[in-house]
2 protein chains.
Amino acid sequence: MSDDRLIYLPLGGAGEIGMNCYVYGYGPEGRERLIVVDLGVTFPDMETTPGVDLIVPDVSWLAERADRIEAIFITHAHEDHVGALGHLWDRLRAPVYCRRFTATIAKMKMTDQGHPAEAVNVVGPLPDVVEAGPFRVQFAPVSHSIPESSALIIDTPAGRIVHSGDFKLDPDPVVGEAYDPEASADVAEAGVKVLVCDSTNVFNTHAGRSESSIGPAIRELVESSTGMFVATTFASNIARLKTLAEAGRAAGRSVCLLGRAMKRMVTAAEEAGVLTDFPPIVPPEMAADIPRQHLMLIVTGSQGERRAATAQLSRGKYLGLEMKEGDTFLFSSKTIPGNERGVIRIMNALSEMGVNLVDDQGGRYHVSGHANRPDLERVHAAMKPSILIPMHGEHRHLREHSRIAAAKGIASDVVTNGMMVDLTGDAPEVVEFIETGRTYLDGTAQVGAFDGVIRDRIRMAMNGLVLVTLIVDEDGIPLGEPWAECLGLPLKGRNGRALLGVIEADLAEFLDRADRHTLADDDKLDEGIRRVVRQVSMEEVGKKPEVTVVVSRLGEDD
Amino acid sequence: MSDDRLIYLPLGGAGEIGMNCYVYGYGPEGRERLIVVDLGVTFPDMETTPGVDLIVPDVSWLAERADRIEAIFITHAHEDHVGALGHLWDRLRAPVYCRRFTATIAKMKMTDQGHPAEAVNVVGPLPDVVEAGPFRVQFAPVSHSIPESSALIIDTPAGRIVHSGDFKLDPDPVVGEAYDPEASADVAEAGVKVLVCDSTNVFNTHAGRSESSIGPAIRELVESSTGMFVATTFASNIARLKTLAEAGRAAGRSVCLLGRAMKRMVTAAEEAGVLTDFPPIVPPEMAADIPRQHLMLIVTGSQGERRAATAQLSRGKYLGLEMKEGDTFLFSSKTIPGNERGVIRIMNALSEMGVNLVDDQGGRYHVSGHANRPDLERVHAAMKPSILIPMHGEHRHLREHSRIAAAKGIASDVVTNGMMVDLTGDAPEVVEFIETGRTYLDGTAQVGAFDGVIRDRIRMAMNGLVLVTLIVDEDGIPLGEPWAECLGLPLKGRNGRALLGVIEADLAEFLDRADRHTLADDDKLDEGIRRVVRQVSMEEVGKKPEVTVVVSRLGEDD
């Protein structure tokens, strides 16, 4: 079968952290059978995507080849790996495979969007195998900051691929499977052709630390605190929730979970059997009656999300609970780049209430879920792949990871979103560039990144908007004065004159002087009005606004 | 004079990092003679202040009392201390005092806005004294990340105030005055009533490091680099520029400065005599002809500013210079919270060009200009103030700094923007809350933070905008169909229908059914149209847009 080939195509997550979506294919060129690994989201920001709710990969390439998709595999239940499943599944319609805990979340993502939960199949860890066309896929447990995270062992006629998923090497992860060098050796024994590997922490040169290493410090902190103790972390970090809750119990505190995601995750973990001995929790309505020195809240919103419990508590009373002077608030988390301002705003609001703030203190109260450089090198050495493809990283992470591999004699290349590489040979070979990108979920609509919709929003926000309406009568003569409205523009220009007044006066003058030819030509009129508005705005307030002109001509369409 | 009092009133910088502006007053209540310390700016962001150019303190309180202002003192030439001088001076019109280098920058700020440079007076360091009403003010040299930074020694009839300005304790600052414990002892000898003190780095528990400590690492890095070497840092960090340039020269490289601010700062420092032996520099047009391994660029834009040299280089050719595979780019700087995304974007663009990126590596290639907690404690001990007022910090910094002082028995309180405190007695006493805040410079206009202008921009950016125009004839009957325009909204709704079409159809139907009463009442009509638009948008795309309605009634004003 010399014309079959093994291809790899990232559609998200390669050149960015977030929105993971990777495609593998095997078969004759253009007729490869495909599997998809992960369907994640990334989050919008005001600077580039104002008003957008969520960002998912543009899977048009996949959707056009939906008949060739054998299966969708989800490595773990983080939003950047499973969050887009419900939004994109109906365009791909392939069976979904994941482990039990992940499936609980994946099914919610499906039903939330009206898709059948039954499309999600629960798979056990290896040696369980999913046969998907030419692929045989096993879930190999790895430690990460969520239960049941898995690497995928993907056997193909061209050899074995290890797709690492998100992972760290944790011998004692508190919840879930510990790092097991022997299991790792077993996977490697058959020979690994390609290691496709997490690159998030490649710039961290220290060996990663175990989740269990922060327990003592957290227990000490809770014990030494006097008022109410509140801690926030990612809701999906079940191990952390357990560490926090146990520290609370050890200090004689009742534990209360605040935030929907928090309760949903704990329930899901208990249902999936990955969390068996979580301390008893009290509901918020009971918590309010517990003396504050005997209470611990574990809450959502570590990234400063406006509607989450942390932000609510920073604004005042929330579900009957309120922070006060002498209480302690622990951010058992790291702020994701871009979220700093929001988190700092909350910290200062809590500071104003007299709350003692404790952040991760450089790792004392938080550890990362990703492998650092020395850990990555251990994995390279254990797997001995012929080829290493770095994934799950910005360009600089992928490049550094590739450099490290290449220095050890492993064939490696930086492969970013949209690059299809052929992995059949001894080294990755770029064979095609696929048009891909981001799709914005905006309300209930899906908007393309280049549709111009978001560009218009950004322009209105940066420049303000002037809206001009003008009625022209049957004889082509303006009826009355033009009418303008300013949105998002300074009210007063030079010498305190009203901007709107100056604009309308200059427009009236322009129309007075306009010849019949201009008045008769919608484009000319539009252009002239636009020019006047921009010029007078520039003179008065030093800004060139967006301008929308509506000319109504009487006797035309009525 | 028992009814004279000494007051302190921060108008900016107390409860935030940036936009520094502090007022001191002495005299009978309500008739105190005033001095202003610093007039700084802070920078807008897309999330809260889209389209805004610059943010300055709201100095209305001061402007209303301009006749009582004796003088304005500028501690140093950083934007967050001097940047608002030109924008606010005409409302205050008091003489400005600062040291020579600061004056060079301050005069530019004045002339840029058409104000007289002569209002800026150059003062030497202590023992030179400025007499300003009841105040005698001396500039005490301190080390910081810009030349000639100064603490102010403010003698008043009620005792001595030490206003620290921004500072660190650096025995070897490369450029400018070293930290001198003896000079510090001299200041303290007369007795310090109040220490008003920088709080920026209060959470850093390590003793601060000297600017000179990073020289060897930078030299090594430059020496070991093969391609072109580019470094960015704050243009005003003259000591860093010198360290970088000398490292370049030592490695046999020609040094070229890119970015207007860079050249302006070096010229200003040379003119002021604080920089005497900067290596020779080559202009950009010559640099392009120098073999890249013999070239070093020192460039603006360490915070990811879009128009600065760093961003330009990350996008391609700039002034004939272009980065290539094997070049090195050093960020000899720290990213200010909120700027992460922009900086990361640039790093990845450079990574795509094959450039080796080097960041500060946890302090190896950058040191802060602010005193850390142990340094602050040394200053507390040296100054032995009766009262400590923390400034230059967010609420959490001020609170922590106050806590540290109080623990040592120093009277202290958290005083934030707008709080006037009486410092006459043994402890600070809050006497009044002043209405203050932020003024936005928007183009050439000044906009109040609560004018609604920026709120409108944010709403348009978040929700999109629908504009509806309708003509009603002399009889109160709609003339033709209503006309709608959508800006920043998804083009298609449910089932692929055009959103605009559905809106117009539903509006036509609404008007068909509207009674004469509604049609005759602008408010009712407006409200009805708005409701229809929001409802149909919600149904079609799941968003409630902003709506602007223009109803033109024929035969009314023509």
# chains A, B, ... in the order shown; residues from 1 in each chain; ligands from 1

call {"tool": "residues_around", "arguments": {"residues": "Glu474 of chain A", "least_positions_apart": "2", "cutoff": "9 Å", "atoms": "only C-alpha atoms", "output": "JSON, numbers by chain"}}
result
{"A": [472, 476, 477, 553, 554, 555, 556]}

call {"tool": "write_last_selection", "arguments": {"atoms": "N, CA, C and O atoms", "output": "compact mmCIF listing (two decimals), in the first residue's frame"}}
result
# COMPACT_ATOMS: atom_id res chain seq x y z
N VAL A 472 -34.67 63.77 0.69
CA VAL A 472 -34.62 64.53 -0.56
C VAL A 472 -35.98 64.39 -1.24
O VAL A 472 -36.51 63.28 -1.33
N GLY A 476 -35.55 66.36 -6.12
CA GLY A 476 -34.12 66.24 -5.84
C GLY A 476 -33.59 67.33 -4.93
O GLY A 476 -32.39 67.59 -4.88
N ILE A 477 -34.50 67.99 -4.21
CA ILE A 477 -34.11 69.07 -3.30
C ILE A 477 -34.21 68.57 -1.86
O ILE A 477 -35.21 67.95 -1.49
N ARG A 553 -35.28 59.22 -0.37
CA ARG A 553 -35.78 60.02 -1.50
C ARG A 553 -37.29 59.83 -1.60
O ARG A 553 -37.79 58.72 -1.78
N LEU A 554 -38.02 60.93 -1.47
CA LEU A 554 -39.47 60.84 -1.53
C LEU A 554 -39.90 60.49 -2.94
O LEU A 554 -39.25 60.85 -3.92
N GLY A 555 -41.03 59.78 -3.02
CA GLY A 555 -41.62 59.49 -4.32
C GLY A 555 -40.88 58.40 -5.07
O GLY A 555 -41.04 58.25 -6.28
N GLU A 556 -40.02 57.66 -4.38
CA GLU A 556 -39.30 56.61 -5.10
C GLU A 556 -39.87 55.23 -4.82
O GLU A 556 -40.24 54.52 -5.72

call {"tool": "residues_around", "arguments": {"residues": "segment 172-177 of chain A", "least_positions_apart": "4", "cutoff": "6 Å", "atoms": "only C-alpha atoms", "output": "list in words"}}
result
Pro147, Glu211, Ser212 and Ala239 of chain A

call {"tool": "interface_residues", "arguments": {"of": "chain B", "to": "chain A", "cutoff": "7 Å", "atoms": "only C-alpha atoms", "output": "PyMOL selection string"}}
result
chain B and resi 46-47+50-51+337-338+340-341+348+351-352+394-396+443-445+447+453-454+456-458+460-464+479-480+487-490+493+541-543+557-558

call {"tool": "write_last_selection", "arguments": {"atoms": "N, CA, C and O atoms", "output": "compact mmCIF listing (two decimals), in the first residue's frame"}}
result
# COMPACT_ATOMS: atom_id res chain seq x y z
N MET B 46 -8.76 48.87 25.95
CA MET B 46 -9.94 48.62 25.13
C MET B 46 -11.14 48.22 26.00
O MET B 46 -12.28 48.51 25.66
N GLU B 47 -10.87 47.58 27.12
CA GLU B 47 -11.97 47.07 27.92
C GLU B 47 -12.78 48.17 28.60
O GLU B 47 -14.00 48.12 28.62
N PRO B 50 -12.23 52.37 25.40
CA PRO B 50 -11.89 52.23 23.99
C PRO B 50 -11.82 53.58 23.29
O PRO B 50 -12.68 54.43 23.51
N GLY B 51 -10.82 53.74 22.44
CA GLY B 51 -10.70 54.95 21.63
C GLY B 51 -10.09 56.14 22.37
O GLY B 51 -9.75 57.15 21.75
N PRO B 337 1.09 44.77 33.90
CA PRO B 337 -0.17 44.03 33.83
C PRO B 337 -1.17 44.71 32.90
O PRO B 337 -1.39 45.92 32.98
N GLY B 338 -1.77 43.94 32.03
CA GLY B 338 -2.70 44.49 31.06
C GLY B 338 -2.09 44.54 29.66
O GLY B 338 -2.81 44.57 28.66
N GLU B 340 0.04 42.20 28.52
CA GLU B 340 0.56 40.86 28.19
C GLU B 340 0.20 40.43 26.77
O GLU B 340 1.05 39.94 26.02
N ARG B 341 -1.08 40.56 26.42
CA ARG B 341 -1.49 40.03 25.12
C ARG B 341 -0.72 40.68 23.98
O ARG B 341 -0.30 40.02 23.04
N ASN B 348 5.48 36.21 19.42
CA ASN B 348 5.19 35.12 18.49
C ASN B 348 5.45 35.49 17.04
O ASN B 348 5.90 34.66 16.26
N SER B 351 9.04 35.12 16.72
CA SER B 351 9.36 33.70 16.71
C SER B 351 9.14 33.13 15.31
O SER B 351 9.94 32.33 14.81
N GLU B 352 8.07 33.57 14.66
CA GLU B 352 7.78 33.08 13.30
C GLU B 352 8.88 33.47 12.31
O GLU B 352 9.07 32.81 11.30
N GLU B 394 -1.81 50.35 44.17
CA GLU B 394 -3.22 49.98 44.22
C GLU B 394 -3.62 49.85 45.69
O GLU B 394 -2.76 49.84 46.57
N HIS B 395 -4.92 49.68 45.91
CA HIS B 395 -5.39 49.61 47.30
C HIS B 395 -4.65 48.54 48.08
O HIS B 395 -4.22 48.75 49.20
N ARG B 396 -4.46 47.35 47.46
CA ARG B 396 -3.80 46.26 48.18
C ARG B 396 -2.36 46.60 48.55
O ARG B 396 -1.87 46.17 49.59
N GLY B 443 -9.05 62.31 21.36
CA GLY B 443 -8.71 63.24 20.29
C GLY B 443 -8.20 64.50 20.96
O GLY B 443 -7.33 64.45 21.83
N THR B 444 -8.80 65.65 20.61
CA THR B 444 -8.40 66.89 21.25
C THR B 444 -9.37 67.30 22.35
O THR B 444 -9.21 68.35 22.96
N ALA B 445 -10.38 66.49 22.59
CA ALA B 445 -11.38 66.84 23.60
C ALA B 445 -11.07 66.21 24.95
O ALA B 445 -10.32 65.24 25.03
N VAL B 447 -13.03 64.38 28.05
CA VAL B 447 -14.31 63.75 28.33
C VAL B 447 -14.30 63.24 29.77
O VAL B 447 -13.31 62.66 30.20
N VAL B 453 -20.12 59.00 27.20
CA VAL B 453 -19.55 58.88 25.86
C VAL B 453 -18.87 57.52 25.69
O VAL B 453 -19.11 56.80 24.72
N ILE B 454 -18.05 57.17 26.65
CA ILE B 454 -17.29 55.92 26.55
C ILE B 454 -18.23 54.73 26.79
O ILE B 454 -18.09 53.69 26.17
N ASP B 456 -21.26 54.56 25.78
CA ASP B 456 -21.91 54.31 24.48
C ASP B 456 -21.00 53.51 23.56
O ASP B 456 -21.45 52.62 22.84
N ARG B 457 -19.71 53.84 23.56
CA ARG B 457 -18.78 53.09 22.70
C ARG B 457 -18.72 51.63 23.10
O ARG B 457 -18.71 50.74 22.26
N ILE B 458 -18.63 51.41 24.40
CA ILE B 458 -18.53 50.02 24.89
C ILE B 458 -19.79 49.25 24.52
O ILE B 458 -19.74 48.12 24.07
N MET B 460 -21.88 49.81 22.02
CA MET B 460 -21.91 49.51 20.58
C MET B 460 -20.99 48.34 20.27
O MET B 460 -21.30 47.47 19.45
N ALA B 461 -19.82 48.32 20.94
CA ALA B 461 -18.85 47.26 20.68
C ALA B 461 -19.34 45.91 21.20
O ALA B 461 -19.05 44.87 20.63
N MET B 462 -20.06 45.92 22.30
CA MET B 462 -20.53 44.67 22.90
C MET B 462 -21.78 44.15 22.20
O MET B 462 -21.95 42.95 22.02
N ASN B 463 -22.68 45.07 21.83
CA ASN B 463 -24.02 44.66 21.41
C ASN B 463 -24.32 44.89 19.94
O ASN B 463 -25.32 44.39 19.43
N GLY B 464 -23.46 45.65 19.25
CA GLY B 464 -23.80 46.04 17.89
C GLY B 464 -24.87 47.11 17.90
O GLY B 464 -25.38 47.48 18.97
N LEU B 479 -44.46 57.08 5.67
CA LEU B 479 -44.26 57.22 4.25
C LEU B 479 -43.29 56.13 3.83
O LEU B 479 -42.12 56.15 4.18
N GLY B 480 -43.78 55.16 3.12
CA GLY B 480 -42.91 54.05 2.73
C GLY B 480 -42.58 53.17 3.92
O GLY B 480 -43.20 53.25 4.98
N LEU B 487 -25.03 47.55 12.24
CA LEU B 487 -23.59 47.71 12.35
C LEU B 487 -23.06 46.80 13.44
O LEU B 487 -23.55 46.82 14.57
N GLY B 488 -22.10 45.99 13.10
CA GLY B 488 -21.49 45.11 14.10
C GLY B 488 -22.42 44.00 14.55
O GLY B 488 -22.34 43.54 15.68
N LEU B 489 -23.31 43.55 13.68
CA LEU B 489 -24.20 42.43 14.00
C LEU B 489 -24.04 41.32 12.98
O LEU B 489 -23.74 41.59 11.81
N PRO B 490 -24.25 40.08 13.41
CA PRO B 490 -24.17 38.97 12.45
C PRO B 490 -25.11 39.23 11.28
O PRO B 490 -26.22 39.73 11.48
N GLY B 493 -29.39 35.33 10.52
CA GLY B 493 -30.03 34.81 11.72
C GLY B 493 -30.37 33.34 11.55
O GLY B 493 -29.71 32.62 10.80
N VAL B 541 -30.55 36.22 16.37
CA VAL B 541 -29.11 36.03 16.60
C VAL B 541 -28.75 35.99 18.09
O VAL B 541 -27.58 35.93 18.44
N GLY B 542 -29.77 36.05 18.96
CA GLY B 542 -29.48 35.91 20.39
C GLY B 542 -28.78 37.10 21.00
O GLY B 542 -28.08 36.96 22.00
N LYS B 543 -28.95 38.26 20.40
CA LYS B 543 -28.32 39.47 20.95
C LYS B 543 -29.33 40.61 20.98
O LYS B 543 -30.15 40.73 20.07
N ASP B 557 -40.63 70.93 10.30
CA ASP B 557 -39.63 71.99 10.40
C ASP B 557 -39.12 72.45 9.04
O ASP B 557 -38.06 73.01 8.92
N ASP B 558 -39.91 72.14 7.97
CA ASP B 558 -39.48 72.68 6.69
C ASP B 558 -40.56 73.57 6.10
O ASP B 558 -41.63 73.70 6.62

call {"tool": "closest_residue", "arguments": {"among": "B:Leu169, B:Leu54, B:Leu275, B:Ala449", "to": "Phe101 of chain B", "atoms": "only C-alpha atoms"}}
result
B:Leu275

call {"tool": "select_by_dssp", "arguments": {"residues": "segment 167-361 of chain A", "states": "alpha helix (DSSP H)", "output": "PyMOL selection string"}}
result
chain A and resi 181-189+215-224+238-250+260-271+284-287+309-315+340-352

call {"tool": "atom_distance", "arguments": {"atom1": "atom CA of Ile410 of chain B", "atom2": "atom CA of Pro374 of chain B"}}
result
16.3 Å

call {"tool": "atom_distance", "arguments": {"atom1": "atom CA of Phe229 of chain A", "atom2": "atom CA of Arg315 of chain A"}}
result
17.0 Å

call {"tool": "decode", "arguments": {"residues": "segment 159-171 of chain A", "atoms": "all heavy atoms", "output": "PDB file, in the first residue's frame"}}
result
ATOM      1  N   GLY A 159       2.613   3.160  11.788  1.00  0.00           N
ATOM      2  CA  GLY A 159       3.329   3.192  13.057  1.00  0.00           C
ATOM      3  C   GLY A 159       2.514   3.836  14.166  1.00  0.00           C
ATOM      4  O   GLY A 159       1.371   4.260  13.965  1.00  0.00           O
ATOM      5  N   ARG A 160       3.109   3.900  15.324  1.00  0.00           N
ATOM      6  CA  ARG A 160       2.434   4.386  16.530  1.00  0.00           C
ATOM      7  C   ARG A 160       2.640   5.889  16.725  1.00  0.00           C
ATOM      8  O   ARG A 160       3.762   6.392  16.657  1.00  0.00           O
ATOM      9  CB  ARG A 160       2.968   3.629  17.744  1.00  0.00           C
ATOM     10  CG  ARG A 160       2.485   4.149  19.080  1.00  0.00           C
ATOM     11  CD  ARG A 160       2.729   3.182  20.223  1.00  0.00           C
ATOM     12  NE  ARG A 160       1.720   2.123  20.233  1.00  0.00           N
ATOM     13  CZ  ARG A 160       1.565   1.248  21.238  1.00  0.00           C
ATOM     14  NH1 ARG A 160       2.355   1.299  22.302  1.00  0.00           N
ATOM     15  NH2 ARG A 160       0.624   0.330  21.184  1.00  0.00           N
ATOM     16  N   ILE A 161       1.524   6.556  16.980  1.00  0.00           N
ATOM     17  CA  ILE A 161       1.570   7.973  17.352  1.00  0.00           C
ATOM     18  C   ILE A 161       1.208   8.071  18.825  1.00  0.00           C
ATOM     19  O   ILE A 161       0.243   7.449  19.278  1.00  0.00           O
ATOM     20  CB  ILE A 161       0.534   8.795  16.543  1.00  0.00           C
ATOM     21  CG1 ILE A 161       0.833   8.719  15.042  1.00  0.00           C
ATOM     22  CG2 ILE A 161       0.522  10.243  17.021  1.00  0.00           C
ATOM     23  CD1 ILE A 161      -0.328   9.217  14.185  1.00  0.00           C
ATOM     24  N   VAL A 162       1.968   8.838  19.588  1.00  0.00           N
ATOM     25  CA  VAL A 162       1.538   9.184  20.933  1.00  0.00           C
ATOM     26  C   VAL A 162       1.156  10.652  20.937  1.00  0.00           C
ATOM     27  O   VAL A 162       1.991  11.526  20.681  1.00  0.00           O
ATOM     28  CB  VAL A 162       2.650   8.909  21.971  1.00  0.00           C
ATOM     29  CG1 VAL A 162       2.205   9.395  23.355  1.00  0.00           C
ATOM     30  CG2 VAL A 162       2.980   7.417  22.018  1.00  0.00           C
ATOM     31  N   HIS A 163      -0.121  10.899  21.158  1.00  0.00           N
ATOM     32  CA  HIS A 163      -0.632  12.267  21.248  1.00  0.00           C
ATOM     33  C   HIS A 163      -0.763  12.568  22.738  1.00  0.00           C
ATOM     34  O   HIS A 163      -1.642  12.029  23.410  1.00  0.00           O
ATOM     35  CB  HIS A 163      -1.992  12.354  20.543  1.00  0.00           C
ATOM     36  CG  HIS A 163      -2.588  13.727  20.549  1.00  0.00           C
ATOM     37  ND1 HIS A 163      -2.535  14.582  19.473  1.00  0.00           N
ATOM     38  CD2 HIS A 163      -3.233  14.422  21.526  1.00  0.00           C
ATOM     39  CE1 HIS A 163      -3.131  15.709  19.767  1.00  0.00           C
ATOM     40  NE2 HIS A 163      -3.564  15.649  21.009  1.00  0.00           N
ATOM     41  N   SER A 164       0.116  13.436  23.261  1.00  0.00           N
ATOM     42  CA  SER A 164       0.279  13.531  24.729  1.00  0.00           C
ATOM     43  C   SER A 164      -0.936  14.089  25.463  1.00  0.00           C
ATOM     44  O   SER A 164      -1.105  13.844  26.645  1.00  0.00           O
ATOM     45  CB  SER A 164       1.506  14.382  25.057  1.00  0.00           C
ATOM     46  OG  SER A 164       1.201  15.748  24.900  1.00  0.00           O
ATOM     47  N   GLY A 165      -1.767  14.859  24.755  1.00  0.00           N
ATOM     48  CA  GLY A 165      -2.776  15.617  25.480  1.00  0.00           C
ATOM     49  C   GLY A 165      -2.070  16.598  26.397  1.00  0.00           C
ATOM     50  O   GLY A 165      -0.882  16.862  26.222  1.00  0.00           O
ATOM     51  N   ASP A 166      -2.801  17.151  27.361  1.00  0.00           N
ATOM     52  CA  ASP A 166      -2.167  18.015  28.366  1.00  0.00           C
ATOM     53  C   ASP A 166      -1.714  17.117  29.496  1.00  0.00           C
ATOM     54  O   ASP A 166      -2.490  16.306  29.994  1.00  0.00           O
ATOM     55  CB  ASP A 166      -3.173  19.026  28.916  1.00  0.00           C
ATOM     56  CG  ASP A 166      -3.580  20.073  27.895  1.00  0.00           C
ATOM     57  OD1 ASP A 166      -3.148  19.973  26.729  1.00  0.00           O
ATOM     58  OD2 ASP A 166      -4.332  20.986  28.276  1.00  0.00           O
ATOM     59  N   PHE A 167      -0.486  17.301  29.942  1.00  0.00           N
ATOM     60  CA  PHE A 167      -0.020  16.395  30.994  1.00  0.00           C
ATOM     61  C   PHE A 167       1.098  17.004  31.825  1.00  0.00           C
ATOM     62  O   PHE A 167       1.735  17.981  31.444  1.00  0.00           O
ATOM     63  CB  PHE A 167       0.491  15.087  30.372  1.00  0.00           C
ATOM     64  CG  PHE A 167       1.854  15.239  29.733  1.00  0.00           C
ATOM     65  CD1 PHE A 167       3.003  14.832  30.401  1.00  0.00           C
ATOM     66  CD2 PHE A 167       1.978  15.807  28.475  1.00  0.00           C
ATOM     67  CE1 PHE A 167       4.264  14.993  29.816  1.00  0.00           C
ATOM     68  CE2 PHE A 167       3.224  15.967  27.886  1.00  0.00           C
ATOM     69  CZ  PHE A 167       4.374  15.563  28.553  1.00  0.00           C
ATOM     70  N   LYS A 168       1.291  16.414  32.985  1.00  0.00           N
ATOM     71  CA  LYS A 168       2.473  16.649  33.778  1.00  0.00           C
ATOM     72  C   LYS A 168       2.911  15.296  34.331  1.00  0.00           C
ATOM     73  O   LYS A 168       2.165  14.312  34.221  1.00  0.00           O
ATOM     74  CB  LYS A 168       2.192  17.642  34.909  1.00  0.00           C
ATOM     75  CG  LYS A 168       1.198  17.138  35.937  1.00  0.00           C
ATOM     76  CD  LYS A 168       0.819  18.190  36.972  1.00  0.00           C
ATOM     77  CE  LYS A 168       1.933  18.496  37.927  1.00  0.00           C
ATOM     78  NZ  LYS A 168       1.494  19.375  39.045  1.00  0.00           N
ATOM     79  N   LEU A 169       4.094  15.242  34.888  1.00  0.00           N
ATOM     80  CA  LEU A 169       4.565  13.992  35.493  1.00  0.00           C
ATOM     81  C   LEU A 169       4.381  14.129  36.995  1.00  0.00           C
ATOM     82  O   LEU A 169       5.191  14.759  37.662  1.00  0.00           O
ATOM     83  CB  LEU A 169       6.041  13.750  35.152  1.00  0.00           C
ATOM     84  CG  LEU A 169       6.387  13.766  33.652  1.00  0.00           C
ATOM     85  CD1 LEU A 169       7.853  13.442  33.442  1.00  0.00           C
ATOM     86  CD2 LEU A 169       5.510  12.795  32.882  1.00  0.00           C
ATOM     87  N   ASP A 170       3.279  13.596  37.505  1.00  0.00           N
ATOM     88  CA  ASP A 170       3.005  13.774  38.928  1.00  0.00           C
ATOM     89  C   ASP A 170       2.912  12.415  39.611  1.00  0.00           C
ATOM     90  O   ASP A 170       1.970  11.660  39.391  1.00  0.00           O
ATOM     91  CB  ASP A 170       1.693  14.561  39.108  1.00  0.00           C
ATOM     92  CG  ASP A 170       1.535  15.083  40.521  1.00  0.00           C
ATOM     93  OD1 ASP A 170       2.089  14.464  41.454  1.00  0.00           O
ATOM     94  OD2 ASP A 170       0.864  16.120  40.697  1.00  0.00           O
ATOM     95  N   PRO A 171       3.880  12.094  40.475  1.00  0.00           N
ATOM     96  CA  PRO A 171       3.847  10.801  41.158  1.00  0.00           C
ATOM     97  C   PRO A 171       2.748  10.734  42.212  1.00  0.00           C
ATOM     98  O   PRO A 171       2.421   9.653  42.694  1.00  0.00           O
ATOM     99  CB  PRO A 171       5.238  10.705  41.805  1.00  0.00           C
ATOM    100  CG  PRO A 171       5.698  12.120  41.944  1.00  0.00           C
ATOM    101  CD  PRO A 171       5.058  12.893  40.836  1.00  0.00           C
TER     102      PRO A 171
END
